[in-house]
$ cat my_file_0.json   # JSON, C-alpha atoms
[["chain", "number", "residue", "atom", "x", "y", "z"],
["C", 30, "MET", "CA", -20.31, 31.29, -34.05],
["C", 31, "ASP", "CA", -17.42, 29.75, -35.92],
["C", 32, "GLU", "CA", -18.52, 26.13, -36.42],
["C", 33, "SER", "CA", -14.94, 24.96, -36.57],
["C", 34, "ARG", "CA", -14.52, 25.75, -32.89],
["C", 35, "ASP", "CA", -16.64, 22.73, -32.01],
["C", 36, "THR", "CA", -13.69, 20.72, -33.30],
["C", 37, "SER", "CA", -11.23, 21.95, -30.64],
["C", 38, "ASP", "CA", -11.94, 19.34, -27.96],
["C", 39, "ASP", "CA", -8.26, 18.60, -27.25],
["C", 40, "THR", "CA", -7.46, 22.30, -26.82],
["C", 41, "LYS", "CA", -10.36, 22.76, -24.45],
["C", 42, "ARG", "CA", -9.08, 20.06, -22.07],
["C", 43, "THR", "CA", -6.47, 22.54, -20.81],
["C", 44, "ALA", "CA", -8.72, 25.60, -20.70],
["C", 45, "SER", "CA", -10.07, 25.00, -17.21],
["C", 46, "SER", "CA", -6.77, 25.84, -15.52],
["C", 47, "THR", "CA", -6.89, 29.44, -16.69],
["C", 48, "PHE", "CA", -10.61, 29.92, -16.12],
["C", 49, "LEU", "CA", -10.15, 28.89, -12.52],
["C", 50, "ARG", "CA", -8.05, 32.04, -12.10],
["C", 51, "VAL", "CA", -10.51, 34.60, -13.42],
["C", 52, "GLY", "CA", -11.31, 35.99, -9.97],
["C", 53, "THR", "CA", -14.88, 34.80, -9.66],
["C", 54, "THR", "CA", -16.54, 33.16, -6.72],
["C", 55, "ALA", "CA", -15.65, 29.54, -6.00],
["C", 56, "ALA", "CA", -18.92, 28.41, -7.54],
["C", 57, "ALA", "CA", -18.32, 30.34, -10.74],
["C", 58, "ALA", "CA", -14.77, 29.05, -10.92],
["C", 59, "CYS", "CA", -15.95, 25.47, -10.62],
["C", 60, "LEU", "CA", -18.55, 26.13, -13.27],
["C", 61, "ILE", "CA", -15.95, 27.45, -15.65],
["C", 62, "ALA", "CA", -13.71, 24.46, -15.04],
["C", 63, "GLY", "CA", -16.62, 22.07, -15.57],
["C", 64, "SER", "CA", -17.79, 23.86, -18.69],
["C", 65, "ILE", "CA", -14.44, 23.99, -20.41],
["C", 66, "ALA", "CA", -12.96, 20.69, -19.24],
["C", 67, "GLY", "CA", -16.22, 18.98, -20.11],
["C", 68, "LEU", "CA", -15.70, 19.93, -23.70],
["C", 69, "GLY", "CA", -13.13, 17.20, -24.01],
["C", 70, "ALA", "CA", -15.98, 14.71, -23.74],
["C", 71, "MET", "CA", -18.44, 16.51, -25.96],
["C", 72, "GLY", "CA", -19.33, 14.46, -29.01],
["C", 73, "ALA", "CA", -19.84, 16.39, -32.19],
["C", 74, "LEU", "CA", -21.82, 14.60, -34.86],
["C", 75, "ALA", "CA", -20.77, 14.31, -38.46],
["C", 76, "SER", "CA", -23.07, 16.37, -40.68],
["C", 77, "PRO", "CA", -24.77, 14.28, -43.40],
["C", 78, "SER", "CA", -26.07, 17.22, -45.40],
["C", 79, "SER", "CA", -26.85, 20.93, -45.18],
["C", 80, "SER", "CA", -30.36, 20.18, -43.96],
["C", 81, "TYR", "CA", -29.10, 18.53, -40.82],
["C", 82, "ALA", "CA", -27.78, 20.11, -37.65],
["C", 83, "GLU", "CA", -24.50, 21.93, -38.18],
["C", 84, "VAL", "CA", -21.88, 19.98, -36.30],
["C", 85, "SER", "CA", -18.15, 19.65, -36.18],
["C", 86, "ALA", "CA", -15.83, 16.93, -37.39],
["C", 87, "SER", "CA", -14.17, 16.60, -34.00],
["C", 88, "GLY", "CA", -13.56, 12.90, -34.41],
["C", 89, "ASP", "CA", -16.63, 11.59, -32.59],
["C", 90, "THR", "CA", -17.60, 8.52, -34.58],
["C", 91, "SER", "CA", -19.88, 6.95, -32.02],
["C", 92, "SER", "CA", -23.11, 8.09, -33.67],
["C", 93, "PRO", "CA", -24.49, 6.17, -36.65],
["C", 94, "GLU", "CA", -23.64, 7.74, -39.98],
["C", 95, "PRO", "CA", -26.86, 8.67, -41.84],
["C", 96, "LYS", "CA", -27.25, 7.08, -45.26],
["C", 97, "ALA", "CA", -28.20, 8.93, -48.41],
["C", 98, "ALA", "CA", -31.71, 8.36, -49.70],
["C", 99, "ALA", "CA", -31.75, 4.91, -51.31],
["C", 100, "PRO", "CA", -33.23, 4.72, -54.83],
["C", 101, "GLU", "CA", -34.76, 1.26, -54.28],
["C", 102, "TYR", "CA", -37.53, 2.84, -52.22],
["C", 103, "THR", "CA", -40.18, 4.36, -54.42],
["C", 104, "ASP", "CA", -42.79, 7.06, -54.15],
["C", 105, "ALA", "CA", -45.30, 4.26, -53.62],
["C", 106, "ASP", "CA", -43.33, 3.09, -50.58],
["C", 107, "ARG", "CA", -43.27, 6.59, -49.14],
["C", 108, "ALA", "CA", -46.97, 7.04, -49.90],
["C", 109, "ALA", "CA", -47.73, 3.82, -48.01],
["C", 110, "PHE", "CA", -45.79, 5.18, -45.06],
["C", 111, "ALA", "CA", -47.59, 8.54, -45.18],
["C", 112, "ALA", "CA", -50.95, 6.75, -45.13],
["C", 113, "SER", "CA", -49.96, 4.54, -42.19],
["C", 114, "PRO", "CA", -50.26, 5.07, -38.43],
["C", 115, "TYR", "CA", -46.47, 5.63, -38.44],
["C", 116, "ALA", "CA", -46.66, 8.82, -40.50],
["C", 117, "GLU", "CA", -45.41, 11.00, -37.60],
["C", 118, "ASP", "CA", -42.60, 8.64, -36.65],
["C", 119, "ALA", "CA", -40.11, 9.13, -39.49],
["C", 120, "LEU", "CA", -37.50, 10.70, -37.19],
["C", 121, "ASN", "CA", -37.89, 7.87, -34.69],
["C", 122, "LEU", "CA", -37.36, 5.22, -37.35],
["C", 123, "ALA", "CA", -34.45, 7.10, -38.91],
["C", 124, "ALA", "CA", -32.72, 7.27, -35.52],
["C", 125, "ILE", "CA", -33.20, 3.54, -34.95],
["C", 126, "TRP", "CA", -32.05, 2.53, -38.44],
["C", 127, "GLY", "CA", -29.23, 5.07, -38.66],
["C", 128, "THR", "CA", -30.60, 6.67, -41.82],
["C", 129, "ASP", "CA", -31.99, 9.98, -42.96],
["C", 130, "THR", "CA", -35.74, 10.48, -42.64],
["C", 131, "GLU", "CA", -36.53, 10.14, -46.35],
["C", 132, "TRP", "CA", -34.79, 6.77, -46.52],
["C", 133, "ALA", "CA", -36.59, 5.70, -43.33],
["C", 134, "GLU", "CA", -39.96, 6.64, -44.81],
["C", 135, "GLY", "CA", -39.29, 4.52, -47.90],
["C", 136, "LYS", "CA", -37.96, 1.58, -45.90],
["C", 137, "ALA", "CA", -40.90, 1.69, -43.50],
["C", 138, "GLY", "CA", -43.43, 1.96, -46.34],
["C", 139, "SER", "CA", -41.85, -1.01, -48.09],
["C", 140, "LYS", "CA", -42.05, -3.10, -44.92],
["C", 141, "ILE", "CA", -45.63, -2.02, -44.25],
["C", 142, "GLN", "CA", -46.69, -3.11, -47.72],
["C", 143, "ALA", "CA", -44.92, -6.45, -47.27],
["C", 144, "GLY", "CA", -46.48, -7.01, -43.85],
["C", 145, "ILE", "CA", -43.11, -6.88, -42.09],
["C", 146, "PRO", "CA", -43.22, -5.48, -38.52],
["C", 147, "LEU", "CA", -41.44, -2.21, -37.77],
["C", 148, "PRO", "CA", -39.20, -1.76, -34.67],
["C", 149, "PHE", "CA", -42.16, -0.60, -32.58],
["C", 150, "ALA", "CA", -45.91, -0.91, -32.83],
["C", 151, "ALA", "CA", -47.98, 1.98, -34.11],
["C", 152, "GLY", "CA", -48.35, 4.62, -31.41],
["C", 153, "GLU", "CA", -45.42, 3.30, -29.36],
["C", 154, "ALA", "CA", -42.57, 5.35, -30.85],
["C", 155, "MET", "CA", -42.21, 7.48, -27.74],
["C", 156, "SER", "CA", -41.84, 4.49, -25.41],
["C", 157, "PHE", "CA", -39.07, 2.79, -27.42],
["C", 158, "ALA", "CA", -35.75, 2.40, -25.54],
["C", 159, "TYR", "CA", -33.49, 4.64, -27.64],
["C", 160, "THR", "CA", -29.75, 4.55, -27.11],
["C", 161, "PRO", "CA", -27.81, 7.78, -26.46],
["C", 162, "ASP", "CA", -26.34, 7.56, -29.97],
["C", 163, "GLN", "CA", -29.82, 7.26, -31.48],
["C", 164, "LYS", "CA", -30.92, 10.31, -29.49],
["C", 165, "ARG", "CA", -27.96, 12.33, -30.75],
["C", 166, "LEU", "CA", -28.67, 11.24, -34.32],
["C", 167, "ALA", "CA", -32.28, 12.40, -33.93],
["C", 168, "LEU", "CA", -30.97, 15.85, -33.03],
["C", 169, "GLN", "CA", -28.58, 15.77, -35.97],
["C", 170, "LEU", "CA", -31.41, 14.99, -38.36],
["C", 171, "THR", "CA", -33.31, 18.13, -37.38],
["C", 172, "THR", "CA", -32.66, 21.68, -38.53],
["C", 173, "VAL", "CA", -31.32, 22.79, -35.13],
["C", 174, "ASP", "CA", -27.97, 24.52, -35.73],
["C", 175, "MET", "CA", -24.98, 24.40, -33.44],
["C", 176, "SER", "CA", -25.58, 27.83, -31.91],
["C", 177, "GLY", "CA", -29.09, 26.74, -30.99],
["C", 178, "ILE", "CA", -27.74, 23.58, -29.38],
["C", 179, "VAL", "CA", -25.25, 25.63, -27.38],
["C", 180, "ARG", "CA", -27.96, 27.98, -26.14],
["C", 181, "VAL", "CA", -30.20, 25.16, -24.95],
["C", 182, "ALA", "CA", -27.30, 23.32, -23.28],
["C", 183, "ALA", "CA", -26.17, 26.48, -21.50],
["C", 184, "VAL", "CA", -29.62, 27.28, -20.14],
["C", 185, "TRP", "CA", -30.18, 23.66, -19.09],
["C", 186, "GLY", "CA", -26.96, 23.76, -17.07],
["C", 187, "SER", "CA", -25.64, 20.72, -18.93],
["C", 188, "ALA", "CA", -22.23, 19.38, -17.95],
["C", 189, "ASP", "CA", -21.15, 19.08, -21.58],
["C", 190, "LEU", "CA", -22.53, 19.19, -25.10],
["C", 191, "TYR", "CA", -22.21, 15.45, -25.64],
["C", 192, "SER", "CA", -24.79, 14.60, -22.98],
["C", 193, "ALA", "CA", -26.86, 17.66, -23.81],
["C", 194, "LYS", "CA", -27.28, 16.51, -27.41],
["C", 195, "ALA", "CA", -28.67, 13.18, -26.22],
["C", 196, "ASP", "CA", -31.09, 14.97, -23.89],
["C", 197, "MET", "CA", -32.28, 17.21, -26.72],
["C", 198, "GLY", "CA", -32.64, 14.27, -29.08],
["C", 199, "ALA", "CA", -34.73, 12.47, -26.47],
["C", 200, "LEU", "CA", -37.18, 15.37, -26.48],
["C", 201, "LEU", "CA", -37.47, 15.26, -30.25],
["C", 202, "LEU", "CA", -38.01, 11.49, -30.23],
["C", 203, "ALA", "CA", -40.80, 12.09, -27.70],
["C", 204, "HIS", "CA", -42.35, 14.43, -30.28],
["C", 205, "GLN", "CA", -41.69, 17.45, -28.08],
["C", 206, "PRO", "CA", -40.06, 20.74, -29.14],
["C", 207, "LEU", "CA", -36.87, 22.07, -27.66],
["C", 208, "PRO", "CA", -37.52, 24.71, -24.97],
["C", 209, "ALA", "CA", -37.82, 28.37, -25.81],
["C", 210, "MET", "CA", -35.07, 30.65, -24.59],
["C", 211, "PRO", "CA", -35.73, 32.67, -21.41],
["C", 212, "ALA", "CA", -36.01, 36.45, -21.40],
["C", 213, "GLY", "CA", -32.71, 36.75, -19.52],
["C", 214, "PHE", "CA", -29.60, 34.69, -18.84],
["C", 215, "SER", "CA", -27.60, 34.17, -15.66],
["C", 216, "ASP", "CA", -23.85, 34.60, -15.41],
["C", 217, "ASP", "CA", -23.57, 30.82, -15.22],
["C", 218, "ASP", "CA", -25.47, 30.51, -18.51],
["C", 219, "LYS", "CA", -23.06, 32.97, -20.12],
["C", 220, "VAL", "CA", -19.98, 31.12, -18.89],
["C", 221, "ARG", "CA", -21.33, 27.81, -20.18],
["C", 222, "ALA", "CA", -22.21, 29.34, -23.54],
["C", 223, "PHE", "CA", -18.66, 30.65, -23.90],
["C", 224, "GLY", "CA", -17.12, 27.27, -23.15],
["C", 225, "PHE", "CA", -19.64, 25.20, -25.11],
["C", 226, "SER", "CA", -19.06, 27.41, -28.16],
["C", 227, "GLY", "CA", -15.46, 26.25, -28.29],
["C", 228, "TYR", "CA", -13.74, 29.39, -27.06],
["C", 229, "THR", "CA", -10.61, 29.05, -24.93],
["C", 230, "ASP", "CA", -8.77, 30.99, -22.25],
["C", 231, "ASP", "CA", -6.62, 32.57, -24.96],
["C", 232, "ASP", "CA", -9.77, 33.86, -26.64],
["C", 233, "ALA", "CA", -10.94, 35.30, -23.32],
["C", 234, "VAL", "CA", -7.65, 37.17, -22.94],
["C", 235, "LYS", "CA", -7.92, 38.54, -26.49],
["C", 236, "LEU", "CA", -11.48, 39.71, -25.88],
["C", 237, "ALA", "CA", -10.50, 41.32, -22.58],
["C", 238, "GLY", "CA", -7.84, 43.33, -24.39],
["C", 239, "LEU", "CA", -10.22, 44.26, -27.18],
["C", 240, "TRP", "CA", -12.96, 45.34, -24.80],
["C", 241, "GLN", "CA", -10.59, 46.85, -22.22],
["C", 242, "THR", "CA", -11.93, 44.79, -19.35],
["C", 243, "ASP", "CA", -10.89, 41.91, -17.10],
["C", 244, "THR", "CA", -11.00, 38.34, -18.36],
["C", 245, "TYR", "CA", -14.06, 37.24, -16.45],
["C", 246, "SER", "CA", -16.07, 40.27, -17.56],
["C", 247, "ALA", "CA", -15.02, 39.49, -21.12],
["C", 248, "ILE", "CA", -16.28, 35.92, -20.76],
["C", 249, "LEU", "CA", -19.64, 37.15, -19.48],
["C", 250, "ARG", "CA", -19.98, 39.70, -22.27],
["C", 251, "ALA", "CA", -18.98, 37.11, -24.87],
["C", 252, "GLY", "CA", -21.40, 34.55, -23.43],
["C", 253, "ALA", "CA", -24.23, 37.08, -23.58],
["C", 254, "GLU", "CA", -23.42, 37.79, -27.23],
["C", 255, "LEU", "CA", -23.41, 34.10, -28.07],
["C", 256, "LEU", "CA", -26.70, 33.48, -26.27],
["C", 257, "ALA", "CA", -28.20, 36.30, -28.31],
["C", 258, "GLY", "CA", -27.06, 34.53, -31.48],
["C", 259, "HIS", "CA", -24.27, 37.00, -32.29],
["C", 260, "GLU", "CA", -20.73, 36.24, -33.42],
["C", 261, "LEU", "CA", -17.68, 37.38, -31.47],
["C", 262, "PRO", "CA", -15.08, 39.75, -32.96],
["C", 263, "LEU", "CA", -12.36, 37.10, -33.19]]

$ encode --input "my_file_0.json" --output "C-alpha cells"
Amino acid sequence: MDESRDTSDDTKRTASSTFLRVGTTAAAACLIAGSIAGLGAMGALASPSSSYAEVSASGDTSSPEPKAAAPEYTDADRAAFAASPYAEDALNLAAIWGTDTEWAEGKAGSKIQAGIPLPFAAGEAMSFAYTPDQKRLALQLTTVDMSGIVRVAAVWGSADLYSAKADMGALLLAHQPLPAMPAGFSDDDKVRAFGFSGYTDDDAVKLAGLWQTDTYSAILRAGAELLAGHELPL
C-alpha cells in the first residue's frame, strides 16, 4: 500500500457520492459511504522514527509527539526500571508521558531511584484511564505498520481509522496482542479495506478499466488484495 494515500483525507470526503452508485445492495452502499466519508475524520499519527508504526502526515496533530531518547537518563536508570515491578509497562508510561519507550524507561528508572511515584502503582497499568490520544500513541510506538492497521480496522468493522487506532492502542496498553486475521474476508471487509487504504472512486474506476470489470467488482478485488497484504497496480 502506498503510505502517502493515508494523507488524502480531504479527497476522501467526496468519495462516498460515487461509491453510493456502484450498484450494490443498500447495505453495501451505506457501508461504502461510511467507509470513505469516515476517512475525513481518520487521524493519522506523525511517525517519530522508522521503528514506529508507519503513518501519514495528514495533518492530525492531536496525538502527543514522541520525544527522542534523552541523554540525561543513564543505563543505570534503565537498569533500575528493568529490575522494578514496572518492567513490562514501558509502553504504558511512554503513552502517558508522550515519549518513546526508551526515554520512558530512563525517566521511570530515575524516578524509582529517587523514590518519586509513577503515574500508576505497580501492577495497575492496565486499569489506568488512558485518553484516546494516549491509546493512539501506544499503537504508533509499536511495530504495527499501516497495512496491518487497515486490515484490523476492516475486519473489526470500524467506522474509521481514527477510532480504530484508539481501540487497537487500548488493546496494547492492556498488554494484549492485536487479533489474528481470519481465514476469509467478507465483501464488507473488502470495501472497508479499500476505503481505509486511502483509495478513491477515481481509483476504483481505473482498476475497473484495468481489470475489465464493473466498479464494485473492482473494489472487492482490490480490497481482497489489500487484506492479503498486496499492493494494487496503480

$ atom_distance --input "my_file_0.json" --atom1 "CA of Val234 in chain C" --atom2 "CA of Asp174 in chain C"
27.1 Å

$ residues_around --input "my_file_0.json" --residues "range 194-205 of chain C" --least-positions-apart "2" --cutoff "10 Å" --atoms "all atoms listed in the file" --output "MDAnalysis selection string"
chainID C and resid 71:74 117:122 124 154:157 159:171 178:179 181:182 185 187 189:192 207:208

$ closest_atom_pairs --input "my_file_0.json" --of "range 138-195 of chain C" --to "range 209-215 of chain C" --cutoff "10 Å" --atoms "all atoms listed in the file" --output "Markdown table"
| residue | atom | partner | partner_atom | distance |
| --- | --- | --- | --- | --- |
| C:Gly177 | CA | C:Met210 | CA | 9.6 |
| C:Arg180 | CA | C:Met210 | CA | 7.8 |
| C:Val181 | CA | C:Met210 | CA | 7.3 |
| C:Ala183 | CA | C:Phe214 | CA | 9.3 |
| C:Val184 | CA | C:Phe214 | CA | 7.5 |

$ write_last_selection --input "my_file_0.json" --atoms "C-alpha atoms" --output "short mmCIF file (atom, residue, chain, number, x, y, z; two decimals), in the frame of the given file"
data_model
loop_
_atom_site.label_atom_id
_atom_site.label_comp_id
_atom_site.auth_asym_id
_atom_site.auth_seq_id
_atom_site.Cartn_x
_atom_site.Cartn_y
_atom_site.Cartn_z
CA GLY C 177 -29.09 26.74 -30.99
CA ARG C 180 -27.96 27.98 -26.14
CA VAL C 181 -30.20 25.16 -24.95
CA ALA C 183 -26.17 26.48 -21.50
CA VAL C 184 -29.62 27.28 -20.14
#

$ residues_around --input "my_file_0.json" --residues "Thr244 in chain C" --least-positions-apart "5" --cutoff "8 Å" --atoms "only C-alpha atoms" --output "list in words"
Val51, Ala233, Val234, Leu236 and Ala237 of chain C

$ atom_distance --input "my_file_0.json" --atom1 "CA of Ala109 in chain C" --atom2 "CA of Phe149 in chain C"
17.0 Å

$ closest_residue --input "my_file_0.json" --among "C:Ile248, C:Ala137, C:Ile145, C:Leu239" --to "Ala108 in chain C" --atoms "all atoms listed in the file"
C:Ala137

$ build_atoms --input "my_file_0.json" --residues "range 109-128 of chain C" --atoms "N, CA, C and O atoms" --output "PDB file, in the coordinates of the input"
ATOM      1  N   ALA C 109     -47.184   4.812 -48.947  1.00  0.00           N
ATOM      2  CA  ALA C 109     -47.730   3.820 -48.010  1.00  0.00           C
ATOM      3  C   ALA C 109     -47.376   4.212 -46.576  1.00  0.00           C
ATOM      4  O   ALA C 109     -48.190   4.050 -45.658  1.00  0.00           O
ATOM      5  N   PHE C 110     -46.177   4.732 -46.394  1.00  0.00           N
ATOM      6  CA  PHE C 110     -45.790   5.180 -45.060  1.00  0.00           C
ATOM      7  C   PHE C 110     -46.641   6.371 -44.625  1.00  0.00           C
ATOM      8  O   PHE C 110     -47.125   6.417 -43.488  1.00  0.00           O
ATOM      9  N   ALA C 111     -46.833   7.340 -45.524  1.00  0.00           N
ATOM     10  CA  ALA C 111     -47.590   8.540 -45.180  1.00  0.00           C
ATOM     11  C   ALA C 111     -49.039   8.216 -44.825  1.00  0.00           C
ATOM     12  O   ALA C 111     -49.664   8.937 -44.044  1.00  0.00           O
ATOM     13  N   ALA C 112     -49.560   7.130 -45.394  1.00  0.00           N
ATOM     14  CA  ALA C 112     -50.950   6.750 -45.130  1.00  0.00           C
ATOM     15  C   ALA C 112     -51.075   5.813 -43.925  1.00  0.00           C
ATOM     16  O   ALA C 112     -52.186   5.424 -43.559  1.00  0.00           O
ATOM     17  N   SER C 113     -49.950   5.493 -43.302  1.00  0.00           N
ATOM     18  CA  SER C 113     -49.960   4.540 -42.190  1.00  0.00           C
ATOM     19  C   SER C 113     -50.028   5.244 -40.843  1.00  0.00           C
ATOM     20  O   SER C 113     -49.841   6.458 -40.753  1.00  0.00           O
ATOM     21  N   PRO C 114     -50.260   4.476 -39.782  1.00  0.00           N
ATOM     22  CA  PRO C 114     -50.260   5.070 -38.430  1.00  0.00           C
ATOM     23  C   PRO C 114     -48.869   5.535 -37.982  1.00  0.00           C
ATOM     24  O   PRO C 114     -48.743   6.157 -36.925  1.00  0.00           O
ATOM     25  N   TYR C 115     -47.841   5.239 -38.775  1.00  0.00           N
ATOM     26  CA  TYR C 115     -46.470   5.630 -38.440  1.00  0.00           C
ATOM     27  C   TYR C 115     -46.064   6.964 -39.076  1.00  0.00           C
ATOM     28  O   TYR C 115     -44.908   7.360 -38.977  1.00  0.00           O
ATOM     29  N   ALA C 116     -46.995   7.647 -39.696  1.00  0.00           N
ATOM     30  CA  ALA C 116     -46.660   8.820 -40.500  1.00  0.00           C
ATOM     31  C   ALA C 116     -45.910   9.904 -39.721  1.00  0.00           C
ATOM     32  O   ALA C 116     -45.137  10.660 -40.316  1.00  0.00           O
ATOM     33  N   GLU C 117     -46.093   9.983 -38.408  1.00  0.00           N
ATOM     34  CA  GLU C 117     -45.410  11.000 -37.600  1.00  0.00           C
ATOM     35  C   GLU C 117     -44.113  10.489 -36.976  1.00  0.00           C
ATOM     36  O   GLU C 117     -43.478  11.209 -36.201  1.00  0.00           O
ATOM     37  N   ASP C 118     -43.734   9.268 -37.327  1.00  0.00           N
ATOM     38  CA  ASP C 118     -42.600   8.640 -36.650  1.00  0.00           C
ATOM     39  C   ASP C 118     -41.362   8.489 -37.537  1.00  0.00           C
ATOM     40  O   ASP C 118     -40.488   7.663 -37.241  1.00  0.00           O
ATOM     41  N   ALA C 119     -41.252   9.273 -38.587  1.00  0.00           N
ATOM     42  CA  ALA C 119     -40.110   9.130 -39.490  1.00  0.00           C
ATOM     43  C   ALA C 119     -38.783   9.376 -38.769  1.00  0.00           C
ATOM     44  O   ALA C 119     -37.801   8.651 -38.975  1.00  0.00           O
ATOM     45  N   LEU C 120     -38.730  10.404 -37.916  1.00  0.00           N
ATOM     46  CA  LEU C 120     -37.500  10.700 -37.190  1.00  0.00           C
ATOM     47  C   LEU C 120     -37.142   9.553 -36.256  1.00  0.00           C
ATOM     48  O   LEU C 120     -35.962   9.179 -36.135  1.00  0.00           O
ATOM     49  N   ASN C 121     -38.132   8.979 -35.605  1.00  0.00           N
ATOM     50  CA  ASN C 121     -37.890   7.870 -34.690  1.00  0.00           C
ATOM     51  C   ASN C 121     -37.296   6.672 -35.431  1.00  0.00           C
ATOM     52  O   ASN C 121     -36.322   6.060 -34.966  1.00  0.00           O
ATOM     53  N   LEU C 122     -37.864   6.350 -36.580  1.00  0.00           N
ATOM     54  CA  LEU C 122     -37.360   5.220 -37.350  1.00  0.00           C
ATOM     55  C   LEU C 122     -35.978   5.503 -37.927  1.00  0.00           C
ATOM     56  O   LEU C 122     -35.111   4.618 -37.956  1.00  0.00           O
ATOM     57  N   ALA C 123     -35.758   6.733 -38.369  1.00  0.00           N
ATOM     58  CA  ALA C 123     -34.450   7.100 -38.910  1.00  0.00           C
ATOM     59  C   ALA C 123     -33.373   6.969 -37.839  1.00  0.00           C
ATOM     60  O   ALA C 123     -32.259   6.497 -38.106  1.00  0.00           O
ATOM     61  N   ALA C 124     -33.688   7.380 -36.613  1.00  0.00           N
ATOM     62  CA  ALA C 124     -32.720   7.270 -35.520  1.00  0.00           C
ATOM     63  C   ALA C 124     -32.396   5.814 -35.212  1.00  0.00           C
ATOM     64  O   ALA C 124     -31.242   5.457 -34.961  1.00  0.00           O
ATOM     65  N   ILE C 125     -33.401   4.959 -35.241  1.00  0.00           N
ATOM     66  CA  ILE C 125     -33.200   3.540 -34.950  1.00  0.00           C
ATOM     67  C   ILE C 125     -32.385   2.862 -36.053  1.00  0.00           C
ATOM     68  O   ILE C 125     -31.465   2.073 -35.781  1.00  0.00           O
ATOM     69  N   TRP C 126     -32.700   3.187 -37.304  1.00  0.00           N
ATOM     70  CA  TRP C 126     -32.050   2.530 -38.440  1.00  0.00           C
ATOM     71  C   TRP C 126     -30.734   3.199 -38.844  1.00  0.00           C
ATOM     72  O   TRP C 126     -30.001   2.681 -39.671  1.00  0.00           O
ATOM     73  N   GLY C 127     -30.443   4.370 -38.290  1.00  0.00           N
ATOM     74  CA  GLY C 127     -29.230   5.070 -38.660  1.00  0.00           C
ATOM     75  C   GLY C 127     -29.269   5.625 -40.063  1.00  0.00           C
ATOM     76  O   GLY C 127     -28.265   5.597 -40.782  1.00  0.00           O
ATOM     77  N   THR C 128     -30.410   6.149 -40.471  1.00  0.00           N
ATOM     78  CA  THR C 128     -30.600   6.670 -41.820  1.00  0.00           C
ATOM     79  C   THR C 128     -31.088   8.108 -41.762  1.00  0.00           C
ATOM     80  O   THR C 128     -31.331   8.660 -40.696  1.00  0.00           O
TER      81      THR C 128
END
